[in-house]
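Asks: One file is attached below, run08.pdb, containing PDB, C-alpha atoms, pLDDT in the B column.
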ATOM      1  CA  MET A  24      94.250  86.360-155.166  1.00 59.00           C
ATOM      2  CA  ASP A  25      95.897  83.225-156.537  1.00 82.00           C
ATOM      3  CA  LYS A  26      98.893  84.025-158.775  1.00 88.00           C
ATOM      4  CA  GLU A  27      97.535  81.987-161.707  1.00 90.00           C
ATOM      5  CA  VAL A  28      94.144  83.728-161.474  1.00 91.00           C
ATOM      6  CA  HIS A  29      95.884  87.103-161.364  1.00 92.00           C
ATOM      7  CA  GLN A  30      97.847  86.196-164.522  1.00 94.00           C
ATOM      8  CA  LEU A  31      94.664  85.140-166.344  1.00 94.00           C
ATOM      9  CA  ILE A  32      93.029  88.476-165.520  1.00 95.00           C
ATOM     10  CA  GLU A  33      96.136  90.381-166.655  1.00 95.00           C
ATOM     11  CA  ILE A  34      96.144  88.499-169.985  1.00 96.00           C
ATOM     12  CA  ALA A  35      92.407  89.228-170.384  1.00 96.00           C
ATOM     13  CA  GLU A  36      92.911  92.937-169.752  1.00 96.00           C
ATOM     14  CA  ILE A  37      95.749  93.121-172.288  1.00 96.00           C
ATOM     15  CA  ALA A  38      93.454  91.362-174.788  1.00 96.00           C
ATOM     16  CA  MET A  39      90.674  93.860-174.022  1.00 96.00           C
ATOM     17  CA  GLN A  40      93.033  96.771-174.746  1.00 95.00           C
ATOM     18  CA  ALA A  41      93.942  95.099-178.051  1.00 97.00           C
ATOM     19  CA  SER A  42      90.208  94.618-178.837  1.00 96.00           C
ATOM     20  CA  ASP A  43      90.717  90.837-178.860  1.00 96.00           C
ATOM     21  CA  TYR A  44      87.469  90.324-177.003  1.00 96.00           C
ATOM     22  CA  ALA A  45      87.069  86.605-177.701  1.00 96.00           C
ATOM     23  CA  HIS A  46      90.464  85.905-176.108  1.00 96.00           C
ATOM     24  CA  ALA A  47      89.653  88.172-173.155  1.00 96.00           C
ATOM     25  CA  GLU A  48      86.306  86.419-172.651  1.00 96.00           C
ATOM     26  CA  LYS A  49      88.000  82.988-172.508  1.00 96.00           C
ATOM     27  CA  LYS A  50      90.554  84.163-169.935  1.00 96.00           C
ATOM     28  CA  TYR A  51      87.912  85.816-167.727  1.00 96.00           C
ATOM     29  CA  ILE A  52      85.838  82.607-167.794  1.00 96.00           C
ATOM     30  CA  ASP A  53      88.944  80.536-166.965  1.00 95.00           C
ATOM     31  CA  ALA A  54      89.598  82.849-164.002  1.00 94.00           C
ATOM     32  CA  LEU A  55      86.006  82.410-162.783  1.00 95.00           C
ATOM     33  CA  TYR A  56      86.344  78.617-162.936  1.00 94.00           C
ATOM     34  CA  MET A  57      89.469  78.824-160.807  1.00 93.00           C
ATOM     35  CA  LEU A  58      87.965  81.252-158.283  1.00 92.00           C
ATOM     36  CA  ASP A  59      84.793  79.123-158.021  1.00 86.00           C
ATOM     37  CA  ASP A  60      83.154  81.253-155.307  1.00 90.00           C
ATOM     38  CA  PRO A  61      80.341  83.487-156.647  1.00 91.00           C
ATOM     39  CA  LYS A  62      79.888  85.102-153.227  1.00 92.00           C
ATOM     40  CA  SER A  63      83.454  86.430-153.078  1.00 93.00           C
ATOM     41  CA  GLU A  64      84.318  90.011-154.019  1.00 92.00           C
ATOM     42  CA  GLU A  65      87.140  88.805-156.289  1.00 93.00           C
ATOM     43  CA  TYR A  66      84.730  86.595-158.253  1.00 95.00           C
ATOM     44  CA  GLN A  67      82.229  89.424-158.661  1.00 95.00           C
ATOM     45  CA  LYS A  68      84.938  91.805-159.897  1.00 95.00           C
ATOM     46  CA  VAL A  69      85.761  89.339-162.679  1.00 96.00           C
ATOM     47  CA  VAL A  70      82.054  88.926-163.519  1.00 97.00           C
ATOM     48  CA  ASN A  71      81.888  92.730-163.889  1.00 97.00           C
ATOM     49  CA  LYS A  72      84.869  92.658-166.263  1.00 96.00           C
ATOM     50  CA  LEU A  73      83.245  89.817-168.222  1.00 97.00           C
ATOM     51  CA  ALA A  74      80.026  91.869-168.527  1.00 97.00           C
ATOM     52  CA  LYS A  75      82.044  94.684-170.122  1.00 96.00           C
ATOM     53  CA  CYS A  76      83.769  92.185-172.412  1.00 97.00           C
ATOM     54  CA  TYR A  77      80.394  90.826-173.569  1.00 97.00           C
ATOM     55  CA  ALA A  78      79.082  94.367-174.124  1.00 96.00           C
ATOM     56  CA  ALA A  79      82.157  95.189-176.238  1.00 96.00           C
ATOM     57  CA  GLN A  80      81.223  92.213-178.435  1.00 96.00           C
ATOM     58  CA  LYS A  81      77.587  93.400-178.529  1.00 96.00           C
ATOM     59  CA  ASN A  82      76.646  90.208-176.696  1.00 97.00           C
ATOM     60  CA  PHE A  83      74.121  92.065-174.561  1.00 97.00           C
ATOM     61  CA  ALA A  84      72.339  88.871-173.519  1.00 96.00           C
ATOM     62  CA  GLY A  85      75.609  87.622-172.005  1.00 97.00           C
ATOM     63  CA  ALA A  86      76.205  90.984-170.334  1.00 97.00           C
ATOM     64  CA  LYS A  87      72.678  90.906-168.918  1.00 97.00           C
ATOM     65  CA  GLU A  88      73.302  87.542-167.204  1.00 97.00           C
ATOM     66  CA  CYS A  89      76.462  88.928-165.593  1.00 97.00           C
ATOM     67  CA  LEU A  90      74.771  92.134-164.452  1.00 97.00           C
ATOM     68  CA  GLU A  91      71.773  90.301-163.023  1.00 97.00           C
ATOM     69  CA  GLU A  92      74.157  88.132-160.982  1.00 96.00           C
ATOM     70  CA  LEU A  93      76.034  91.204-159.748  1.00 97.00           C
ATOM     71  CA  LEU A  94      72.782  92.949-158.802  1.00 97.00           C
ATOM     72  CA  PHE A  95      71.624  89.849-156.918  1.00 97.00           C
ATOM     73  CA  TYR A  96      74.751  89.835-154.735  1.00 96.00           C
ATOM     74  CA  ALA A  97      74.707  93.617-154.280  1.00 96.00           C
ATOM     75  CA  LYS A  98      71.172  93.323-152.871  1.00 96.00           C
ATOM     76  CA  LYS A  99      72.098  90.300-150.781  1.00 95.00           C
ATOM     77  CA  ASN A 100      75.114  92.113-149.314  1.00 94.00           C
ATOM     78  CA  LYS A 101      73.092  95.335-148.873  1.00 95.00           C
ATOM     79  CA  ASP A 102      75.745  97.211-150.862  1.00 96.00           C
ATOM     80  CA  LEU A 103      73.637 100.211-151.885  1.00 97.00           C
ATOM     81  CA  GLU A 104      76.302 101.868-154.049  1.00 96.00           C
ATOM     82  CA  LYS A 105      76.820  98.743-156.130  1.00 96.00           C
ATOM     83  CA  GLU A 106      73.075  98.196-156.333  1.00 97.00           C
ATOM     84  CA  ALA A 107      72.655 101.674-157.851  1.00 97.00           C
ATOM     85  CA  GLU A 108      75.559 101.043-160.247  1.00 97.00           C
ATOM     86  CA  TYR A 109      74.167  97.719-161.486  1.00 97.00           C
ATOM     87  CA  LEU A 110      70.598  99.013-161.765  1.00 97.00           C
ATOM     88  CA  HIS A 111      71.937 101.674-164.133  1.00 97.00           C
ATOM     89  CA  ALA A 112      74.117  99.241-166.087  1.00 97.00           C
ATOM     90  CA  LEU A 113      71.174  96.856-166.516  1.00 97.00           C
ATOM     91  CA  ALA A 114      68.919  99.659-167.767  1.00 97.00           C
ATOM     92  CA  VAL A 115      71.519 100.695-170.372  1.00 97.00           C
ATOM     93  CA  ASN A 116      72.107  97.070-171.393  1.00 97.00           C
ATOM     94  CA  THR A 117      68.355  96.493-171.754  1.00 97.00           C
ATOM     95  CA  ARG A 118      68.189  99.527-174.062  1.00 96.00           C
ATOM     96  CA  TYR A 119      70.903  97.923-176.207  1.00 96.00           C
ATOM     97  CA  LEU A 120      68.694  94.819-176.343  1.00 96.00           C
ATOM     98  CA  GLU A 121      66.008  97.186-177.749  1.00 96.00           C
ATOM     99  CA  GLU A 122      63.603  96.310-174.924  1.00 96.00           C
ATOM    100  CA  TYR A 123      62.703  99.966-174.450  1.00 96.00           C
ATOM    101  CA  ASP A 124      59.615  99.590-172.251  1.00 95.00           C
ATOM    102  CA  LEU A 125      61.438  97.318-169.826  1.00 96.00           C
ATOM    103  CA  ALA A 126      64.482  99.609-169.830  1.00 97.00           C
ATOM    104  CA  SER A 127      62.214 102.590-168.994  1.00 95.00           C
ATOM    105  CA  LEU A 128      60.800 100.719-165.997  1.00 96.00           C
ATOM    106  CA  MET A 129      64.340  99.932-164.875  1.00 96.00           C
ATOM    107  CA  CYS A 130      65.268 103.623-165.140  1.00 96.00           C
ATOM    108  CA  GLU A 131      62.280 104.572-162.998  1.00 95.00           C
ATOM    109  CA  GLU A 132      63.369 101.996-160.417  1.00 96.00           C
ATOM    110  CA  GLU A 133      66.910 103.352-160.479  1.00 97.00           C
ATOM    111  CA  ILE A 134      65.805 106.990-160.066  1.00 97.00           C
ATOM    112  CA  THR A 135      63.548 106.086-157.129  1.00 97.00           C
ATOM    113  CA  PHE A 136      66.402 104.103-155.577  1.00 98.00           C
ATOM    114  CA  ARG A 137      68.884 106.955-155.990  1.00 98.00           C
ATOM    115  CA  LEU A 138      66.484 109.605-154.674  1.00 97.00           C
ATOM    116  CA  THR A 139      65.858 107.403-151.626  1.00 98.00           C
ATOM    117  CA  HIS A 140      69.443 106.411-150.837  1.00 98.00           C
ATOM    118  CA  PHE A 141      71.711 108.916-152.642  1.00 97.00           C
ATOM    119  CA  PRO A 142      69.781 112.202-153.052  1.00 97.00           C
ATOM    120  CA  ASP A 143      73.073 114.157-153.020  1.00 97.00           C
ATOM    121  CA  ASP A 144      74.717 112.077-155.762  1.00 97.00           C
ATOM    122  CA  TYR A 145      73.928 114.665-158.408  1.00 97.00           C
ATOM    123  CA  CYS A 146      76.066 113.025-161.120  1.00 97.00           C
ATOM    124  CA  GLY A 147      74.354 109.682-160.574  1.00 97.00           C
ATOM    125  CA  LEU A 148      70.928 111.286-160.825  1.00 97.00           C
ATOM    126  CA  ALA A 149      71.979 113.258-163.915  1.00 97.00           C
ATOM    127  CA  ARG A 150      73.044 110.015-165.638  1.00 96.00           C
ATOM    128  CA  SER A 151      69.790 108.305-164.611  1.00 97.00           C
ATOM    129  CA  TYR A 152      67.588 111.080-166.019  1.00 97.00           C
ATOM    130  CA  HIS A 153      69.761 111.235-169.142  1.00 96.00           C
ATOM    131  CA  GLU A 154      69.241 107.509-169.768  1.00 96.00           C
ATOM    132  CA  THR A 155      65.488 107.977-169.301  1.00 96.00           C
ATOM    133  CA  ALA A 156      65.603 110.815-171.845  1.00 95.00           C
ATOM    134  CA  ILE A 157      67.376 108.620-174.417  1.00 94.00           C
ATOM    135  CA  LEU A 158      64.693 105.970-173.980  1.00 95.00           C
ATOM    136  CA  SER A 159      61.896 108.535-174.328  1.00 95.00           C
ATOM    137  CA  LEU A 160      63.351 109.592-177.687  1.00 93.00           C
ATOM    138  CA  LEU A 161      63.574 105.974-178.824  1.00 93.00           C
ATOM    139  CA  GLN A 162      59.927 105.573-177.806  1.00 94.00           C
ATOM    140  CA  ARG A 163      59.091 108.644-179.929  1.00 92.00           C
ATOM    141  CA  ASN A 164      58.156 110.823-177.011  1.00 94.00           C
ATOM    142  CA  PRO A 165      60.314 113.961-177.489  1.00 93.00           C
ATOM    143  CA  MET A 166      58.372 116.035-174.931  1.00 93.00           C
ATOM    144  CA  LYS A 167      59.064 113.515-172.159  1.00 94.00           C
ATOM    145  CA  SER A 168      62.664 113.291-173.336  1.00 94.00           C
ATOM    146  CA  LYS A 169      63.112 117.071-172.987  1.00 94.00           C
ATOM    147  CA  VAL A 170      61.622 117.058-169.466  1.00 95.00           C
ATOM    148  CA  ASN A 171      64.098 114.360-168.410  1.00 96.00           C
ATOM    149  CA  LEU A 172      67.028 116.090-170.140  1.00 95.00           C
ATOM    150  CA  ASP A 173      66.214 119.312-168.285  1.00 95.00           C
ATOM    151  CA  LYS A 174      66.236 117.384-164.996  1.00 97.00           C
ATOM    152  CA  ALA A 175      69.527 115.755-165.985  1.00 97.00           C
ATOM    153  CA  LYS A 176      71.030 119.184-166.713  1.00 96.00           C
ATOM    154  CA  GLN A 177      69.811 120.596-163.380  1.00 97.00           C
ATOM    155  CA  TYR A 178      71.534 117.775-161.499  1.00 98.00           C
ATOM    156  CA  ALA A 179      74.683 117.985-163.640  1.00 96.00           C
ATOM    157  CA  ASP A 180      74.936 121.743-162.964  1.00 96.00           C
ATOM    158  CA  LYS A 181      74.392 121.113-159.249  1.00 96.00           C
ATOM    159  CA  SER A 182      77.207 118.580-159.242  1.00 95.00           C
ATOM    160  CA  GLU A 183      79.720 121.139-160.585  1.00 92.00           C
ATOM    161  CA  ASP A 184      81.386 118.132-162.251  1.00 95.00           C
ATOM    162  CA  GLU A 185      82.444 119.237-165.721  1.00 95.00           C
ATOM    163  CA  GLU A 186      82.730 115.703-167.138  1.00 95.00           C
ATOM    164  CA  CYS A 187      79.173 115.042-166.009  1.00 96.00           C
ATOM    165  CA  GLN A 188      78.015 118.362-167.510  1.00 96.00           C
ATOM    166  CA  ALA A 189      79.792 117.549-170.787  1.00 96.00           C
ATOM    167  CA  GLY A 190      77.928 114.241-171.058  1.00 95.00           C
ATOM    168  CA  ILE A 191      74.558 115.902-170.537  1.00 96.00           C
ATOM    169  CA  MET A 192      75.325 118.649-173.087  1.00 96.00           C
ATOM    170  CA  ARG A 193      76.223 115.918-175.584  1.00 95.00           C
ATOM    171  CA  GLY A 194      72.836 114.326-174.817  1.00 94.00           C
ATOM    172  CA  LEU A 195      71.094 117.650-175.394  1.00 95.00           C
ATOM    173  CA  GLY A 196      72.914 117.929-178.712  1.00 95.00           C
ATOM    174  CA  ASP A 197      71.687 114.462-179.721  1.00 94.00           C
ATOM    175  CA  TYR A 198      68.148 115.450-178.721  1.00 94.00           C
ATOM    176  CA  HIS A 199      68.192 118.635-180.845  1.00 95.00           C
ATOM    177  CA  PHE A 200      69.819 116.802-183.767  1.00 94.00           C
ATOM    178  CA  THR A 201      67.095 114.126-183.694  1.00 92.00           C
ATOM    179  CA  LEU A 202      64.465 116.890-183.922  1.00 93.00           C
ATOM    180  CA  ASN A 203      66.453 118.553-186.747  1.00 93.00           C
ATOM    181  CA  ASP A 204      67.083 121.664-184.635  1.00 94.00           C
ATOM    182  CA  LEU A 205      70.603 121.922-186.011  1.00 95.00           C
ATOM    183  CA  GLU A 206      71.666 125.276-184.520  1.00 95.00           C
ATOM    184  CA  LYS A 207      70.824 124.147-180.982  1.00 95.00           C
ATOM    185  CA  ALA A 208      72.467 120.782-181.654  1.00 95.00           C
ATOM    186  CA  ARG A 209      75.641 122.540-182.794  1.00 96.00           C
ATOM    187  CA  ASP A 210      75.712 124.866-179.759  1.00 96.00           C
ATOM    188  CA  SER A 211      75.226 121.949-177.339  1.00 96.00           C
ATOM    189  CA  TYR A 212      77.930 119.881-179.044  1.00 96.00           C
ATOM    190  CA  LEU A 213      80.366 122.824-178.986  1.00 96.00           C
ATOM    191  CA  GLU A 214      79.783 123.350-175.254  1.00 96.00           C
ATOM    192  CA  SER A 215      80.265 119.643-174.601  1.00 96.00           C
ATOM    193  CA  HIS A 216      83.443 119.585-176.721  1.00 96.00           C
ATOM    194  CA  ALA A 217      84.893 122.567-174.834  1.00 96.00           C
ATOM    195  CA  LEU A 218      84.253 120.904-171.448  1.00 96.00           C
ATOM    196  CA  TYR A 219      85.836 117.630-172.563  1.00 95.00           C
ATOM    197  CA  MET A 220      88.879 119.492-173.933  1.00 95.00           C
ATOM    198  CA  LYS A 221      89.185 121.451-170.687  1.00 95.00           C
ATOM    199  CA  ASN A 222      89.258 118.161-168.783  1.00 94.00           C
ATOM    200  CA  LYS A 223      91.694 116.556-171.257  1.00 94.00           C
ATOM    201  CA  ASN A 224      89.255 113.823-172.282  1.00 95.00           C
ATOM    202  CA  GLU A 225      90.500 113.688-175.864  1.00 94.00           C
ATOM    203  CA  GLU A 226      88.603 110.536-176.825  1.00 93.00           C
ATOM    204  CA  ALA A 227      85.242 112.077-175.876  1.00 94.00           C
ATOM    205  CA  ALA A 228      86.235 115.405-177.490  1.00 95.00           C
ATOM    206  CA  ASP A 229      87.063 113.629-180.778  1.00 95.00           C
ATOM    207  CA  GLU A 230      83.669 111.922-180.666  1.00 94.00           C
ATOM    208  CA  LEU A 231      82.060 115.369-180.381  1.00 93.00           C
ATOM    209  CA  LEU A 232      83.931 116.503-183.499  1.00 95.00           C
ATOM    210  CA  GLU A 233      82.289 113.593-185.351  1.00 95.00           C
ATOM    211  CA  ARG A 234      78.892 114.795-184.138  1.00 95.00           C
ATOM    212  CA  LEU A 235      79.643 118.364-185.218  1.00 95.00           C
ATOM    213  CA  LYS A 236      80.673 117.103-188.656  1.00 94.00           C
ATOM    214  CA  ARG A 237      77.364 115.248-188.870  1.00 94.00           C
ATOM    215  CA  VAL A 238      75.526 118.523-188.191  1.00 94.00           C
ATOM    216  CA  GLU A 239      77.532 120.328-190.881  1.00 91.00           C
ATOM    217  CA  ASP A 240      76.842 117.527-193.391  1.00 89.00           C
ATOM    218  CA  VAL A 241      73.081 117.935-192.875  1.00 86.00           C
ATOM    219  CA  GLN A 242      73.089 121.764-193.033  1.00 73.00           C
TER     220      GLN A 242
END
Now that the file is in, can you turn its structure into structure tokens?
Replies:
Amino acid sequence: MDKEVHQLIEIAEIAMQASDYAHAEKKYIDALYMLDDPKSEEYQKVVNKLAKCYAAQKNFAGAKECLEELLFYAKKNKDLEKEAEYLHALAVNTRYLEEYDLASLMCEEEITFRLTHFPDDYCGLARSYHETAILSLLQRNPMKSKVNLDKAKQYADKSEDEECQAGIMRGLGDYHFTLNDLEKARDSYLESHALYMKNKNEEAADELLERLKRVEDVQ
């Protein structure tokens, strides 16, 4: 990578850490102009960083353009792992755009893709079913949401990955809280918090404390 491009990316990443997203965005775009080769892996890595920068600014339309470009090249290069990653990212981004029906279709596509190509990637499948469950709740279909959450939990347990399990338990807590089943919400949040603490993910654990406080405030 060209030294000047490398410096631009470094400056952008420092700006991202400082939450100066507008500055980071400018530097990432400058780096892309200098790289000027959309087919190259280096260019696509910067596009991925720019997508995250847009998402941090809640510019989900900008993030969508980046992710669609990344998915296009993943398919073209027959990079199945990246294709699965960008299918998921696009589904989440589409949910943020509040296009819930389209996001649900994207989740179905992602699950089919993962079951076909990565049936043993239990964490990936857990995240896919979890995203589908979130969308089902937003579409006011709690029964479908619970079915998908149960599938997500089955895959998370199979994975034996405690971070993955913690994320699904947090999702179950959100589900129960939405239905005003506060005891179950509290139990799920506590289990999630314990797993995050065990794995020293303090940021996620602190977020769970906020959720637990929300439950207490309602009770």
Asks: I would like the residues chosen by the PyMOL selection byres ((chain A and resi 198) around 9) on the shown file; could you give them as a list in words?
Replies: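 Those residues are Ala156, Ile157, Leu160, Pro165, Ser168, Lys169, Leu172, Arg193, Gly194, Leu195, Gly196, Asp197, His199, Phe200, Thr201, Leu202, Asn203, Asp204 and Ala208 of chain A.
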Asks: Around the point (79.5, 118.4, -169.9), in the coordinates given by the file, pick out the residues reaching within 8 Å, counting all atoms listed in the file, and return them as a list in words.
Replies: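 Collected hits near the coordinates: Ala179, Asp184, Glu185, Glu186, Cys187, Gln188, Ala189, Gly190, Ile191, Met192, Arg193, Glu214, Ser215, His216, Leu218 and Tyr219 of chain A.
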Asks: Find the spatial neighbours of A:Glu239, counting all atoms listed in the file, within a cut-off of 9 Å - ignore same-chain residues fewer than 5 positions away - and output them as an mmCIF file with C-alpha atoms, in the coordinates of the input.
Replies:
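Result file is selection.cif:
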data_model
loop_
_atom_site.group_PDB
_atom_site.id
_atom_site.type_symbol
_atom_site.label_atom_id
_atom_site.label_comp_id
_atom_site.auth_asym_id
_atom_site.auth_seq_id
_atom_site.Cartn_x
_atom_site.Cartn_y
_atom_site.Cartn_z
ATOM 1 C CA LEU A 205 70.603 121.922 -186.011
ATOM 2 C CA ARG A 209 75.641 122.540 -182.794
ATOM 3 C CA ARG A 234 78.892 114.795 -184.138
#
Asks: Tell me which residues the PyMOL selection byres ((chain A and resi 39) around 12) grabs here, as a VMD selection string.
Replies: chain A and resid 32 to 38 40 to 51 72 to 73 75 to 80
Asks: Can you tell me how far atom CA of A:Tyr152 sits from atom CA of A:Ala175, in Å to one decimal?
Replies: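 Distance reported for this atom pair: 5.1 Å.
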Asks: Starting from the displayed file, determine the output of the PyMOL selection byres ((chain A and resi 135) around 12) and express the residue list as number ranges by chain.
Replies: A: 107, 110-111, 128-134, 136-142, 147-148, 151-152
Asks: With distances taken over all atoms listed in the file, which of A:Asp25, A:Phe83, A:Leu103, A:Asp124 is nearest to A:Arg163?
Replies: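 Of A:Asp25, A:Phe83, A:Leu103, A:Asp124, the one nearest A:Arg163, counting all atoms listed in the file, is A:Asp124.
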Asks: Given all atoms listed in the file as the basis, pick out the residue of A:Ala84, A:Tyr123, A:Glu91, A:His29 nearest to A:Leu58.
Replies: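 Among A:Ala84, A:Tyr123, A:Glu91, A:His29, it is A:His29 that comes nearest to A:Leu58.
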Asks: For a test of reading the model, state the distance in Å between atom CA of A:Ala149 and atom CA of A:Glu122, rounded to one decimal.
Replies: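 If I compute the distance from atom CA of A:Ala149 to atom CA of A:Glu122, I get 21.9 Å.
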Asks: Could you state the separation of atom CA of A:Leu94 and atom CA of A:Gln67 in Å, given to one decimal place?
Replies: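 So the answer is 10.1 Å.
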Asks: Using all atoms listed in the file for the distances, tell me which of A:Asp60, A:Tyr66, A:Asn224, A:Leu231 is nearest to A:Ser211.
Replies: A:Leu231
